[in-house]
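A.B. asks: The file below is input-v6.tsv, TSV, C-alpha atoms and all ligand atoms:
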chain	number	residue	atom	x	y	z
A	1	MET	CA	103.58	124.63	117.31
A	2	ASN	CA	103.39	123.91	121.06
A	3	GLU	CA	106.05	123.92	123.79
A	4	PHE	CA	107.09	120.35	122.87
A	5	THR	CA	107.43	120.86	119.12
A	6	GLN	CA	109.00	124.32	119.35
A	7	THR	CA	112.44	124.43	117.73
A	8	MET	CA	115.55	126.40	118.65
A	9	PRO	CA	114.89	130.09	119.32
A	10	SER	CA	116.49	132.22	116.62
A	11	ARG	CA	116.91	135.32	118.75
A	12	VAL	CA	117.59	136.22	122.31
A	13	VAL	CA	114.45	136.65	124.36
A	14	THR	CA	115.75	138.52	127.37
A	15	ASP	CA	112.56	138.85	129.34
A	16	ARG	CA	108.85	139.45	129.03
A	17	LYS	CA	108.26	141.47	125.88
A	18	SER	CA	108.27	144.94	127.37
A	19	ALA	CA	110.63	144.60	130.34
A	20	ILE	CA	114.16	145.84	129.80
A	21	TYR	CA	116.75	143.53	131.34
A	22	LEU	CA	119.48	145.44	133.20
A	23	ASP	CA	120.53	142.88	135.80
A	24	HIS	CA	123.53	141.36	134.03
A	25	HIS	CA	125.56	141.02	137.25
A	26	ALA	CA	122.97	138.47	138.41
A	27	THR	CA	123.05	136.50	135.18
A	28	THR	CA	123.20	136.95	131.41
A	29	PRO	CA	121.01	135.62	128.60
A	30	VAL	CA	122.60	132.90	126.50
A	31	ASP	CA	124.20	134.25	123.33
A	32	PRO	CA	122.57	132.53	120.29
A	33	ARG	CA	126.04	131.55	118.99
A	34	ILE	CA	126.71	129.81	122.30
A	35	LEU	CA	123.26	128.27	122.38
A	36	ALA	CA	123.90	126.68	118.97
A	37	ILE	CA	127.06	125.03	120.33
A	38	ALA	CA	125.22	123.74	123.41
A	39	VAL	CA	122.25	122.42	121.41
A	40	ASN	CA	124.59	120.63	119.02
A	41	ALA	CA	126.34	118.99	121.98
A	42	MET	CA	123.00	117.78	123.33
A	43	THR	CA	121.41	116.60	120.11
A	44	SER	CA	124.08	115.63	117.53
A	45	GLU	CA	127.32	115.20	119.43
A	46	PHE	CA	125.70	113.90	122.60
A	47	GLY	CA	128.02	111.00	123.51
A	48	ASN	CA	129.47	110.37	126.95
A	49	ALA	CA	132.85	112.07	127.00
A	50	ASN	CA	134.07	109.47	129.53
A	51	GLY	CA	133.08	106.60	127.21
A	52	ILE	CA	135.57	106.97	124.40
A	53	GLU	CA	135.33	103.38	123.09
A	54	ASN	CA	132.89	104.57	120.40
A	55	VAL	CA	132.75	107.50	118.01
A	56	HIS	CA	129.98	109.25	119.92
A	57	GLY	CA	132.04	109.28	123.10
A	58	GLU	CA	135.13	110.29	121.15
A	59	THR	CA	133.33	113.22	119.53
A	60	ALA	CA	132.02	114.41	122.90
A	61	ALA	CA	135.51	114.10	124.41
A	62	ALA	CA	136.84	116.19	121.51
A	63	LEU	CA	134.26	118.91	122.31
A	64	VAL	CA	135.46	118.97	125.94
A	65	ALA	CA	139.10	119.11	124.80
A	66	ARG	CA	138.33	121.99	122.42
A	67	ALA	CA	136.51	123.90	125.15
A	68	ARG	CA	139.40	123.32	127.56
A	69	GLN	CA	141.76	124.77	124.96
A	70	GLN	CA	139.46	127.78	124.37
A	71	VAL	CA	139.25	128.57	128.09
A	72	ALA	CA	143.02	128.09	128.43
A	73	ASP	CA	143.72	130.35	125.42
A	74	SER	CA	141.54	133.11	126.84
A	75	LEU	CA	143.71	133.20	129.98
A	76	ALA	CA	147.09	132.19	128.51
A	77	VAL	CA	147.31	129.05	130.66
A	78	GLU	CA	147.88	125.39	129.80
A	79	PRO	CA	144.74	123.28	129.10
A	80	ASP	CA	145.49	120.97	132.03
A	81	GLU	CA	145.12	123.95	134.38
A	82	VAL	CA	141.41	124.18	133.48
A	83	HIS	CA	139.09	122.20	135.79
A	84	PHE	CA	135.41	122.37	134.88
A	85	THR	CA	132.82	122.81	137.61
A	86	SER	CA	129.10	123.58	137.90
A	87	GLY	CA	129.85	127.30	138.39
A	88	SER	CA	131.86	129.69	140.52
A	89	THR	CA	130.49	128.50	143.85
A	90	GLU	CA	131.68	124.95	143.25
A	91	ALA	CA	135.03	126.21	141.92
A	92	ILE	CA	135.51	128.27	145.10
A	93	GLN	CA	134.64	125.28	147.28
A	94	LEU	CA	137.06	123.02	145.38
A	95	ALA	CA	139.86	125.57	145.61
A	96	LEU	CA	139.32	126.03	149.35
A	97	ALA	CA	139.08	122.27	149.93
A	98	HIS	CA	142.32	121.82	147.99
A	99	ALA	CA	144.10	124.57	149.94
A	100	VAL	CA	142.90	123.06	153.23
A	101	ALA	CA	143.98	119.55	152.16
A	102	SER	CA	147.41	120.80	151.07
A	103	LYS	CA	148.10	122.42	154.45
A	104	ASP	CA	149.31	120.59	157.48
A	105	GLY	CA	147.27	122.31	160.19
A	106	VAL	CA	144.79	125.18	160.17
A	107	LEU	CA	144.70	127.19	156.90
A	108	ARG	CA	145.17	130.92	157.55
A	109	VAL	CA	142.87	132.66	155.05
A	110	ALA	CA	142.65	136.42	154.46
A	111	MET	CA	139.78	137.90	152.46
A	112	SER	CA	138.38	141.31	151.76
A	113	ARG	CA	135.14	142.33	153.45
A	114	VAL	CA	133.47	142.73	150.04
A	115	GLU	CA	134.06	139.24	148.65
A	116	HIS	CA	131.03	137.45	147.27
A	117	ARG	CA	129.06	135.38	149.80
A	118	ALA	CA	130.19	132.25	147.95
A	119	VAL	CA	133.74	132.96	149.18
A	120	ILE	CA	132.85	134.37	152.61
A	121	ASP	CA	130.42	131.57	153.49
A	122	THR	CA	132.84	128.85	152.35
A	123	VAL	CA	135.80	130.26	154.28
A	124	CYS	CA	133.69	130.89	157.40
A	125	HIS	CA	132.32	127.35	157.16
A	126	ALA	CA	135.89	126.01	157.04
A	127	GLU	CA	136.63	128.09	160.13
A	128	ARG	CA	133.62	126.64	161.97
A	129	LEU	CA	134.90	123.15	161.11
A	130	GLY	CA	138.27	124.06	162.63
A	131	LEU	CA	140.00	123.85	159.23
A	132	ALA	CA	140.70	127.56	158.70
A	133	LYS	CA	141.23	130.83	160.51
A	134	VAL	CA	139.83	134.03	158.96
A	135	PHE	CA	141.65	137.37	158.66
A	136	TRP	CA	139.64	140.32	157.27
A	137	VAL	CA	140.98	142.95	154.88
A	138	GLU	CA	139.14	146.29	155.08
A	139	VAL	CA	137.95	148.48	152.19
A	140	ASP	CA	137.28	152.21	151.85
A	141	GLN	CA	134.02	154.00	150.98
A	142	HIS	CA	134.45	153.13	147.29
A	143	ALA	CA	135.03	149.42	148.08
A	144	ARG	CA	138.73	149.85	147.23
A	145	LEU	CA	141.13	147.63	149.11
A	146	ASP	CA	142.82	149.24	152.11
A	147	PHE	CA	146.47	148.35	151.49
A	148	ALA	CA	147.52	149.19	155.05
A	149	SER	CA	144.98	146.63	156.25
A	150	LEU	CA	146.12	144.10	153.62
A	151	ASN	CA	149.78	144.49	154.54
A	152	ALA	CA	149.04	144.24	158.26
A	153	VAL	CA	147.14	141.01	157.65
A	154	LEU	CA	149.84	139.56	155.36
A	155	ASP	CA	152.46	140.33	158.04
A	156	GLN	CA	150.65	137.94	160.37
A	157	GLY	CA	151.49	134.98	158.12
A	158	ILE	CA	148.73	134.03	155.68
A	159	ASP	CA	148.44	130.84	153.61
A	160	LEU	CA	145.73	132.01	151.22
A	161	LEU	CA	144.49	135.46	150.20
A	162	CYS	CA	141.06	135.70	148.51
A	163	VAL	CA	140.39	138.85	146.46
A	164	MET	CA	137.82	139.29	143.73
A	165	ALA	CA	138.88	140.77	140.38
A	166	ALA	CA	135.85	143.07	140.38
A	167	ASN	CA	132.99	143.58	142.79
A	168	ASN	CA	129.61	142.14	141.84
A	169	GLU	CA	127.64	144.96	143.47
A	170	VAL	CA	129.41	148.28	143.00
A	171	GLY	CA	131.75	147.17	140.19
A	172	THR	CA	135.04	148.30	141.77
A	173	VAL	CA	137.99	146.70	139.95
A	174	TYR	CA	140.94	145.57	142.08
A	175	PRO	CA	144.65	146.15	141.29
A	176	LEU	CA	145.45	142.46	141.03
A	177	GLU	CA	149.09	142.81	139.99
A	178	GLN	CA	149.90	144.79	143.11
A	179	ILE	CA	147.83	142.41	145.24
A	180	ALA	CA	149.50	139.32	143.73
A	181	ASP	CA	152.97	140.80	144.31
A	182	GLY	CA	152.15	141.50	147.95
A	183	ALA	CA	150.61	138.07	148.52
A	184	HIS	CA	153.44	136.14	146.94
A	185	ALA	CA	156.15	138.22	148.65
A	186	ALA	CA	154.46	137.29	151.94
A	187	GLY	CA	154.34	133.61	150.96
A	188	ALA	CA	150.55	133.49	150.56
A	189	ALA	CA	148.74	131.77	147.70
A	190	LEU	CA	146.18	133.93	145.84
A	191	LEU	CA	142.59	133.04	144.94
A	192	VAL	CA	141.07	135.46	142.41
A	193	ASP	CA	137.29	135.35	142.05
A	194	ALA	CA	137.00	136.57	138.45
A	195	THR	CA	133.30	135.75	138.09
A	196	GLN	CA	132.27	139.30	137.17
A	197	ALA	CA	135.51	140.33	135.47
A	198	ILE	CA	136.33	137.55	133.05
A	199	GLY	CA	136.63	138.93	129.51
A	200	ARG	CA	136.16	142.44	130.82
A	201	ILE	CA	139.56	143.14	132.37
A	202	GLU	CA	143.05	141.75	131.64
A	203	LEU	CA	143.44	138.51	133.57
A	204	SER	CA	145.86	136.51	131.45
A	205	ALA	CA	148.48	134.53	133.31
A	206	THR	CA	151.19	136.38	131.42
A	207	ALA	CA	150.08	139.67	133.03
A	208	LEU	CA	149.21	138.27	136.41
A	209	SER	CA	150.03	135.36	138.66
A	210	TRP	CA	147.40	133.62	140.73
A	211	ASP	CA	147.10	130.18	142.31
A	212	TYR	CA	143.35	129.74	141.85
A	213	LEU	CA	141.16	131.68	139.43
A	214	ILE	CA	137.37	131.29	139.44
A	215	LEU	CA	134.90	131.80	136.61
A	216	SER	CA	131.28	131.04	135.78
A	217	GLY	CA	129.49	130.54	132.45
A	218	HIS	CA	126.24	132.28	133.24
A	219	LYS	CA	127.92	135.67	133.69
A	220	ILE	CA	129.38	135.54	130.19
A	221	TYR	CA	126.39	134.47	128.07
A	222	ALA	CA	126.78	130.68	128.52
A	223	PRO	CA	124.10	128.65	130.34
A	224	LYS	CA	123.85	128.30	134.11
A	225	GLY	CA	125.48	125.23	135.64
A	226	VAL	CA	129.00	125.44	134.25
A	227	GLY	CA	132.15	127.20	135.39
A	228	ALA	CA	135.82	126.54	135.97
A	229	LEU	CA	138.61	126.56	138.47
A	230	ILE	CA	141.87	127.55	136.80
A	231	SER	CA	144.87	126.37	138.77
A	232	HIS	CA	148.30	124.96	138.06
A	233	SER	CA	148.56	123.38	141.51
A	234	PHE	CA	145.06	121.86	141.78
A	235	ASP	CA	145.05	118.09	141.40
A	236	PRO	CA	141.58	116.71	140.53
A	237	THR	CA	142.60	113.18	141.53
A	238	LEU	CA	143.67	114.29	144.99
A	239	GLN	CA	141.06	112.95	147.38
A	240	PHE	CA	139.85	115.36	150.01
A	241	GLY	CA	136.65	114.40	151.75
A	242	LEU	CA	135.06	112.06	149.20
A	243	GLN	CA	135.95	114.34	146.25
A	244	GLY	CA	138.17	113.00	143.51
A	245	ALA	CA	137.36	109.28	143.99
A	246	HIS	CA	135.49	109.10	140.66
A	247	GLN	CA	135.40	111.44	137.66
A	248	PRO	CA	131.75	112.31	136.91
A	249	THR	CA	130.27	112.33	133.38
A	250	PRO	CA	131.20	115.76	131.98
A	251	ASN	CA	128.48	118.31	131.26
A	252	VAL	CA	129.55	118.41	127.60
A	253	ALA	CA	126.94	120.94	126.45
A	254	GLY	CA	127.75	123.37	129.26
A	255	ILE	CA	131.49	122.91	128.87
A	256	ALA	CA	131.37	123.40	125.08
A	257	ALA	CA	129.27	126.53	125.69
A	258	LEU	CA	131.75	127.87	128.24
A	259	GLY	CA	134.60	127.36	125.77
A	260	MET	CA	132.75	129.36	123.13
A	261	ALA	CA	131.81	132.04	125.69
A	262	CYS	CA	135.50	132.49	126.60
A	263	ARG	CA	136.49	132.61	122.94
A	264	ILE	CA	133.91	135.31	122.20
A	265	MET	CA	135.05	137.31	125.22
A	266	LYS	CA	138.67	137.04	124.07
A	267	GLU	CA	137.82	138.15	120.52
A	268	GLU	CA	135.11	140.70	121.21
A	269	GLY	CA	135.60	141.69	124.88
A	270	ASN	CA	137.44	144.94	124.19
A	271	ALA	CA	134.96	146.21	121.61
A	272	GLU	CA	132.06	145.15	123.80
A	273	SER	CA	133.54	146.94	126.79
A	274	ALA	CA	133.96	150.16	124.78
A	275	ARG	CA	130.32	150.02	123.66
A	276	LEU	CA	128.99	149.20	127.13
A	277	GLY	CA	131.13	151.86	128.81
A	278	ALA	CA	129.62	154.53	126.55
A	279	LEU	CA	126.09	153.21	127.17
A	280	ARG	CA	126.65	153.10	130.94
A	281	ASP	CA	127.91	156.69	130.96
A	282	ARG	CA	124.87	157.75	128.92
A	283	LEU	CA	122.55	156.05	131.40
A	284	GLN	CA	124.37	157.61	134.36
A	285	GLN	CA	124.14	161.12	132.90
A	286	LYS	CA	120.47	160.75	132.02
A	287	LEU	CA	119.59	159.32	135.40
A	288	ILE	CA	121.35	162.13	137.26
A	289	ALA	CA	119.64	164.71	135.01
A	290	LEU	CA	116.18	163.18	135.40
A	291	ALA	CA	116.18	161.93	138.99
A	292	GLY	CA	117.74	164.84	140.85
A	293	PRO	CA	120.12	163.89	143.65
A	294	VAL	CA	121.59	160.53	142.72
A	295	THR	CA	125.07	159.49	143.86
A	296	VAL	CA	127.25	156.92	142.14
A	297	ASN	CA	128.86	154.22	144.29
A	298	GLY	CA	132.05	152.27	143.67
A	299	ASP	CA	135.33	153.55	142.28
A	300	GLU	CA	134.28	155.92	139.49
A	301	ASN	CA	137.82	155.80	138.07
A	302	ASN	CA	138.08	152.04	138.10
A	303	ARG	CA	134.87	150.09	137.85
A	304	LEU	CA	133.34	147.52	135.54
A	305	VAL	CA	132.17	149.29	132.39
A	306	HIS	CA	128.73	147.67	132.48
A	307	ASN	CA	128.08	148.53	136.12
A	308	LEU	CA	126.09	151.43	137.51
A	309	HIS	CA	125.38	151.40	141.23
A	310	VAL	CA	123.56	154.41	142.60
A	311	ALA	CA	121.97	155.71	145.77
A	312	ALA	CA	118.80	157.76	145.29
A	313	PRO	CA	118.26	159.54	148.64
A	314	GLY	CA	114.64	159.63	149.76
A	315	ALA	CA	113.59	156.70	147.57
A	316	PRO	CA	113.76	153.30	149.35
A	317	ASN	CA	114.80	150.72	146.78
A	318	ASP	CA	112.04	148.20	147.49
A	319	LEU	CA	109.45	150.83	146.56
A	320	VAL	CA	111.38	151.82	143.42
A	321	LEU	CA	111.70	148.17	142.35
A	322	ALA	CA	107.98	147.59	142.94
A	323	ARG	CA	107.20	150.44	140.51
A	324	LEU	CA	109.64	149.06	137.95
A	325	ARG	CA	108.36	145.50	138.12
A	326	GLY	CA	107.67	144.17	134.61
A	327	ARG	CA	109.10	147.36	133.08
A	328	VAL	CA	112.82	147.37	133.94
A	329	SER	CA	114.63	144.52	135.71
A	330	ILE	CA	117.34	145.86	138.02
A	331	SER	CA	118.19	144.88	141.58
A	332	THR	CA	118.97	146.19	145.02
A	333	GLY	CA	122.22	144.27	145.25
A	334	SER	CA	123.68	140.81	144.86
A	335	ALA	CA	121.21	138.10	143.82
A	336	CYS	CA	122.31	136.28	146.98
A	337	ASN	CA	121.23	139.19	149.22
A	338	ALA	CA	118.00	139.90	147.40
A	339	GLY	CA	115.04	139.66	149.69
A	340	ALA	CA	117.31	139.82	152.76
A	341	GLN	CA	116.31	142.28	155.47
A	342	GLU	CA	119.94	143.16	156.19
A	343	PRO	CA	121.71	145.75	154.01
A	344	SER	CA	124.34	144.19	151.79
A	345	HIS	CA	127.64	143.34	153.51
A	346	VAL	CA	129.42	145.21	150.68
A	347	LEU	CA	127.63	148.49	151.40
A	348	GLN	CA	128.16	147.98	155.14
A	349	ALA	CA	131.89	147.42	154.61
A	350	MET	CA	131.99	150.63	152.55
A	351	GLY	CA	130.51	152.44	155.54
A	352	LEU	CA	127.29	153.54	153.83
A	353	ALA	CA	124.70	154.70	156.35
A	354	PRO	CA	121.74	152.28	156.53
A	355	ASP	CA	119.28	154.93	155.25
A	356	VAL	CA	121.51	155.50	152.19
A	357	ALA	CA	122.13	151.77	151.64
A	358	GLU	CA	118.38	151.13	151.51
A	359	THR	CA	118.08	153.48	148.52
A	360	CYS	CA	120.76	151.75	146.43
A	361	LEU	CA	120.08	150.30	143.00
A	362	ARG	CA	122.38	148.00	141.04
A	363	ILE	CA	122.13	148.29	137.27
A	364	GLY	CA	124.04	145.98	134.93
A	365	LEU	CA	124.16	146.45	131.15
A	366	GLY	CA	124.90	143.62	128.74
A	367	ARG	CA	125.70	142.40	125.25
A	368	PHE	CA	122.17	142.88	123.94
A	369	THR	CA	121.42	146.20	125.67
A	370	SER	CA	120.70	148.90	123.09
A	371	GLU	CA	120.82	152.69	123.24
A	372	GLU	CA	117.04	152.67	123.05
A	373	ASP	CA	116.90	150.35	126.10
A	374	VAL	CA	119.15	152.71	128.03
A	375	ASP	CA	117.12	155.80	127.12
A	376	ARG	CA	113.84	154.11	128.05
A	377	ALA	CA	115.28	152.67	131.26
A	378	ALA	CA	116.63	156.06	132.34
A	379	ILE	CA	113.13	157.54	132.07
A	380	GLU	CA	111.45	154.57	133.79
A	381	ILE	CA	113.94	154.44	136.68
A	382	ALA	CA	113.90	158.21	137.16
A	383	ASP	CA	110.08	158.25	137.10
A	384	ALA	CA	109.98	155.51	139.71
A	385	ILE	CA	112.46	157.31	141.98
A	386	ASN	CA	110.63	160.63	141.63
A	387	ASP	CA	107.26	159.02	142.22
A	388	VAL	CA	108.47	157.31	145.41
A	389	ARG	CA	109.96	160.58	146.68
A	390	LYS	CA	106.76	162.47	145.92
A	391	THR	CA	104.57	159.86	147.57
A	392	LEU	CA	106.73	159.71	150.68
A	393	SER	CA	106.97	163.49	151.00
A	394	GLY	CA	103.16	163.60	150.75
A	395	VAL	CA	102.92	161.01	153.54
A	396	ASN	CA	105.52	162.79	155.67
A	397	ASN	CA	103.80	166.18	155.26
A	398	ALA	CA	100.30	164.84	155.89
B	1	LIG	N1	131.46	135.23	142.83
B	1	LIG	C1	130.93	136.36	142.33
B	1	LIG	C2	131.75	137.63	142.32
B	1	LIG	C3	129.63	136.36	141.83
B	1	LIG	O1	129.11	137.49	141.33
B	1	LIG	C4	128.88	135.15	141.86
B	1	LIG	C5	127.47	135.13	141.39
B	1	LIG	O2	126.78	136.10	141.43
B	1	LIG	C6	129.49	133.99	142.38
B	1	LIG	C7	130.78	134.08	142.85
B	1	LIG	C8	128.75	132.66	142.39
B	1	LIG	O3	128.66	132.21	141.06
B	1	LIG	P1	127.78	130.97	140.58
B	1	LIG	O4	126.39	131.50	140.44
B	1	LIG	O5	128.38	130.55	139.29
B	1	LIG	O6	127.90	129.90	141.63
The structure given in the file should be rewritten as structure tokens.
C.D. replies:
Amino acid sequence: MNEFTQTMPSRVVTDRKSAIYLDHHATTPVDPRILAIAVNAMTSEFGNANGIENVHGETAAALVARARQQVADSLAVEPDEVHFTSGSTEAIQLALAHAVASKDGVLRVAMSRVEHRAVIDTVCHAERLGLAKVFWVEVDQHARLDFASLNAVLDQGIDLLCVMAANNEVGTVYPLEQIADGAHAAGAALLVDATQAIGRIELSATALSWDYLILSGHKIYAPKGVGALISHSFDPTLQFGLQGAHQPTPNVAGIAALGMACRIMKEEGNAESARLGALRDRLQQKLIALAGPVTVNGDENNRLVHNLHVAAPGAPNDLVLARLRGRVSISTGSACNAGAQEPSHVLQAMGLAPDVAETCLRIGLGRFTSEEDVDRAAIEIADAINDVRKTLSGVNNA
């Protein structure tokens, strides 16, 4: 068998054989159940969902309709509120473009300092184009929203408030009900970036009201390149810029996979969260026991269950990651900041001193993480931290 004759993988291969994958905030492996749906949509039911004059097109259109229903069911919205995109970034851009197009004049946009770059860069770009004006909402040292700052900003008259459901670096979960109440009372629309939170916290429209909700397949075990904008007000035929003039051929495989991913999250999300929460706590305890002074970042009382973000004083994270390379895959922060010389904007907004920020490690557990993985990773990460500290203290004392 060579790479061209190889058939569908029967198990999840998360990384090179020996490396433990703990970077699930960056992306997730595709769940084999979801892979089977995607492969079927590419090989058997591969028609063009826009070309429904033949059975192949009809079957593909039915797959898209089923996925739309599955995504809608997982959030308790109507299927026509689901607009498929290539991922969260495109969904954010569409939502912003729609909000700008719906406003007569400059759109007044408030956002928290710890939003993902996909939101910050898009809003700031709109400001540079003269389409928007930015208002910043501050956070505290745990990346929790500062409500005094939020209220002060809302009092200035805001059209759109952008707040993530949970932070992609330190895992802090935001009180969306309270935020939505405040935004709507002030007459502002609400954009919720749920990329990291979907299936992991309650987001259904019956519990919460938003105007735009953003999600991405590759954070919930579907392939990269598919996501959705959920909105009752968004009109895909509305033409802003050159968008909306023609409906592209749907990415049927990705869309079908996203539908299944949402269904699995709806059915198994609670049980999965309970399992991952226990594993994360185990990893945290072991790491603290083995690696001496380690502090946990984010809101310890309200953070994503699969997130562990730590500072390991005296152990710069680039040196720790170099020692872990090929053994444990974790990161220093958001995939979008990786390799950047600047400390993450999230840690800066939290007020972390630069010398602490440069020792931070982001660890993300996932569906296929086992207790054995966690125990091995705790030892590997602690060894790396201790080794870096020892080496540097040797250098400093020389
Ligand atoms: N928003 C958040 C909170 C994210 O974590 C990410 C990706 O890391 C994005 C948006 C961008 O998502 P995508 O990769 O689907 O464009």
A.B. asks: What does the distance between CA of Gly157 in chain A and CA of Asp211 in chain A come to in Å, to one decimal place?
C.D. replies: 17.1 Å
A.B. asks: Find the residues of chain A that sit at most 8 Å from ligand LIG 1 (chain B); for each, write down the nearest two atoms and how far apart they are in Å, to one decimal. Count all atoms listed in the file. Sort by chain, then by number going up, and give it as a tab-separated table.
C.D. replies:
residue	atom	partner	partner_atom	distance
A:His25	CA	B:LIG1	O1	6.5
A:Ala26	CA	B:LIG1	O2	5.4
A:Thr27	CA	B:LIG1	O2	7.3
A:Ser86	CA	B:LIG1	O5	7.1
A:Gly87	CA	B:LIG1	O5	3.7
A:Ser88	CA	B:LIG1	O5	3.8
A:Thr89	CA	B:LIG1	O6	3.7
A:Glu90	CA	B:LIG1	O6	6.4
A:Ile92	CA	B:LIG1	C7	7.8
A:Glu115	CA	B:LIG1	C2	6.9
A:His116	CA	B:LIG1	N1	5.0
A:Arg117	CA	B:LIG1	C7	7.3
A:Ala118	CA	B:LIG1	C7	5.5
A:Val119	CA	B:LIG1	C7	7.1
A:Met164	CA	B:LIG1	C2	6.4
A:Ala166	CA	B:LIG1	C2	7.1
A:Asn167	CA	B:LIG1	C2	6.1
A:Asn168	CA	B:LIG1	O1	4.7
A:Glu169	CA	B:LIG1	O1	7.9
A:Asp193	CA	B:LIG1	N1	5.9
A:Ala194	CA	B:LIG1	C2	6.6
A:Thr195	CA	B:LIG1	C2	4.9
A:Gln196	CA	B:LIG1	C2	5.4
A:Ile214	CA	B:LIG1	N1	7.9
A:Leu215	CA	B:LIG1	O5	7.2
A:Ser216	CA	B:LIG1	O5	4.6
A:Gly217	CA	B:LIG1	O5	6.9
A:His218	CA	B:LIG1	O5	6.6
A:Lys219	CA	B:LIG1	O5	7.6
A:Lys224	CA	B:LIG1	O5	7.2
A:Gly225	CA	B:LIG1	O5	7.1
A:Val226	CA	B:LIG1	O5	7.2
A:Gly227	CA	B:LIG1	O5	6.4
A:Ser334	CA	B:LIG1	O2	6.6
A:Ala335	CA	B:LIG1	O2	6.4
A:Cys336	CA	B:LIG1	O2	7.1
A.B. asks: Keeping C-alpha atoms for every residue in the selection just given, could you write it to a file as a compact mmCIF listing (two decimals), in the coordinates of the input?
C.D. replies:
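Output saved as part_23.txt:
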# COMPACT_ATOMS: atom_id res chain seq x y z
CA HIS A 25 125.56 141.02 137.25
CA ALA A 26 122.97 138.47 138.41
CA THR A 27 123.05 136.50 135.18
CA SER A 86 129.10 123.58 137.90
CA GLY A 87 129.85 127.30 138.39
CA SER A 88 131.86 129.69 140.52
CA THR A 89 130.49 128.50 143.85
CA GLU A 90 131.68 124.95 143.25
CA ILE A 92 135.51 128.27 145.10
CA GLU A 115 134.06 139.24 148.65
CA HIS A 116 131.03 137.45 147.27
CA ARG A 117 129.06 135.38 149.80
CA ALA A 118 130.19 132.25 147.95
CA VAL A 119 133.74 132.96 149.18
CA MET A 164 137.82 139.29 143.73
CA ALA A 166 135.85 143.07 140.38
CA ASN A 167 132.99 143.58 142.79
CA ASN A 168 129.61 142.14 141.84
CA GLU A 169 127.64 144.96 143.47
CA ASP A 193 137.29 135.35 142.05
CA ALA A 194 137.00 136.57 138.45
CA THR A 195 133.30 135.75 138.09
CA GLN A 196 132.27 139.30 137.17
CA ILE A 214 137.37 131.29 139.44
CA LEU A 215 134.90 131.80 136.61
CA SER A 216 131.28 131.04 135.78
CA GLY A 217 129.49 130.54 132.45
CA HIS A 218 126.24 132.28 133.24
CA LYS A 219 127.92 135.67 133.69
CA LYS A 224 123.85 128.30 134.11
CA GLY A 225 125.48 125.23 135.64
CA VAL A 226 129.00 125.44 134.25
CA GLY A 227 132.15 127.20 135.39
CA SER A 334 123.68 140.81 144.86
CA ALA A 335 121.21 138.10 143.82
CA CYS A 336 122.31 136.28 146.98
A.B. asks: Work out how far apart CA of Ala222 in chain A and CA of Ala257 in chain A are and give it in Å to one decimal.
C.D. replies: 5.6 Å
A.B. asks: For a quick check of your reading of the model, name the residues lying within 12 Å of the coordinate (125.8, 116.1, 119.6), counting all atoms listed in the file, and write them as a PyMOL selection string.
C.D. replies: chain A and resi 36-49+55-64+252-253+256
A.B. asks: Please identify all polymer residues within 12 Å of Asp355 in chain A, counting only C-alpha atoms, omitting same-chain residues fewer than 4 positions from it, and present them as a PyMOL selection string.
C.D. replies: chain A and resi 311-317+342-343+347-348+351+359-360
A.B. asks: So how many Å separate CA of Leu35 in chain A and CA of Gly259 in chain A, to one decimal?
C.D. replies: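 So the two atoms, CA of Leu35 in chain A and CA of Gly259 in chain A, lie 11.9 Å apart.
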A.B. asks: Write out as a ChimeraX atom specification each polymer residue whose atoms come within 6 Å of Leu191 in chain A, counting only C-alpha atoms; drop sequence neighbours fewer than 3 positions from it.
C.D. replies: /A:162,211-213
A.B. asks: Do you know which residues lie at most 10 Å from (111.1, 152.1, 140.6), with coordinates as in the file and all atoms listed in the file counted, and could you write them as a short mmCIF file (atom, residue, chain, number, x, y, z; two decimals) with C-alpha atoms, in the frame of the given file?
C.D. replies:
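Written out: result_2.cif:
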data_model
loop_
_atom_site.label_atom_id
_atom_site.label_comp_id
_atom_site.auth_asym_id
_atom_site.auth_seq_id
_atom_site.Cartn_x
_atom_site.Cartn_y
_atom_site.Cartn_z
CA ALA A 315 113.59 156.70 147.57
CA PRO A 316 113.76 153.30 149.35
CA ASN A 317 114.80 150.72 146.78
CA ASP A 318 112.04 148.20 147.49
CA LEU A 319 109.45 150.83 146.56
CA VAL A 320 111.38 151.82 143.42
CA LEU A 321 111.70 148.17 142.35
CA ALA A 322 107.98 147.59 142.94
CA ARG A 323 107.20 150.44 140.51
CA LEU A 324 109.64 149.06 137.95
CA ARG A 325 108.36 145.50 138.12
CA ARG A 327 109.10 147.36 133.08
CA VAL A 328 112.82 147.37 133.94
CA SER A 329 114.63 144.52 135.71
CA ILE A 330 117.34 145.86 138.02
CA LEU A 361 120.08 150.30 143.00
CA GLU A 380 111.45 154.57 133.79
CA ILE A 381 113.94 154.44 136.68
CA ALA A 382 113.90 158.21 137.16
CA ASP A 383 110.08 158.25 137.10
CA ALA A 384 109.98 155.51 139.71
CA ILE A 385 112.46 157.31 141.98
CA ASN A 386 110.63 160.63 141.63
CA ASP A 387 107.26 159.02 142.22
CA VAL A 388 108.47 157.31 145.41
#
A.B. asks: Check which residues of range 175-200 of chain A sit at most 9 Å from range 140-152 of chain A using all atoms listed in the file, and return one row each with the closest pair of atoms and their distance in Å to one decimal, ordered by chain and rising number, as CSV.
C.D. replies:
residue,atom,partner,partner_atom,distance
A:Pro175,CA,A:Leu145,CA,8.7
A:Ile179,CA,A:Leu150,CA,8.7
A:Gly182,CA,A:Asn151,CA,7.6
A:Ala183,CA,A:Asn151,CA,8.8
A:Ala186,CA,A:Asn151,CA,9.0
A.B. asks: Take the residues just selected and output them with C-alpha atoms as a JSON list (two decimals), in the coordinates of the input.
C.D. replies:
[["chain", "number", "residue", "atom", "x", "y", "z"],
["A", 175, "PRO", "CA", 144.65, 146.15, 141.29],
["A", 179, "ILE", "CA", 147.83, 142.41, 145.24],
["A", 182, "GLY", "CA", 152.15, 141.50, 147.95],
["A", 183, "ALA", "CA", 150.61, 138.07, 148.52],
["A", 186, "ALA", "CA", 154.46, 137.29, 151.94]]
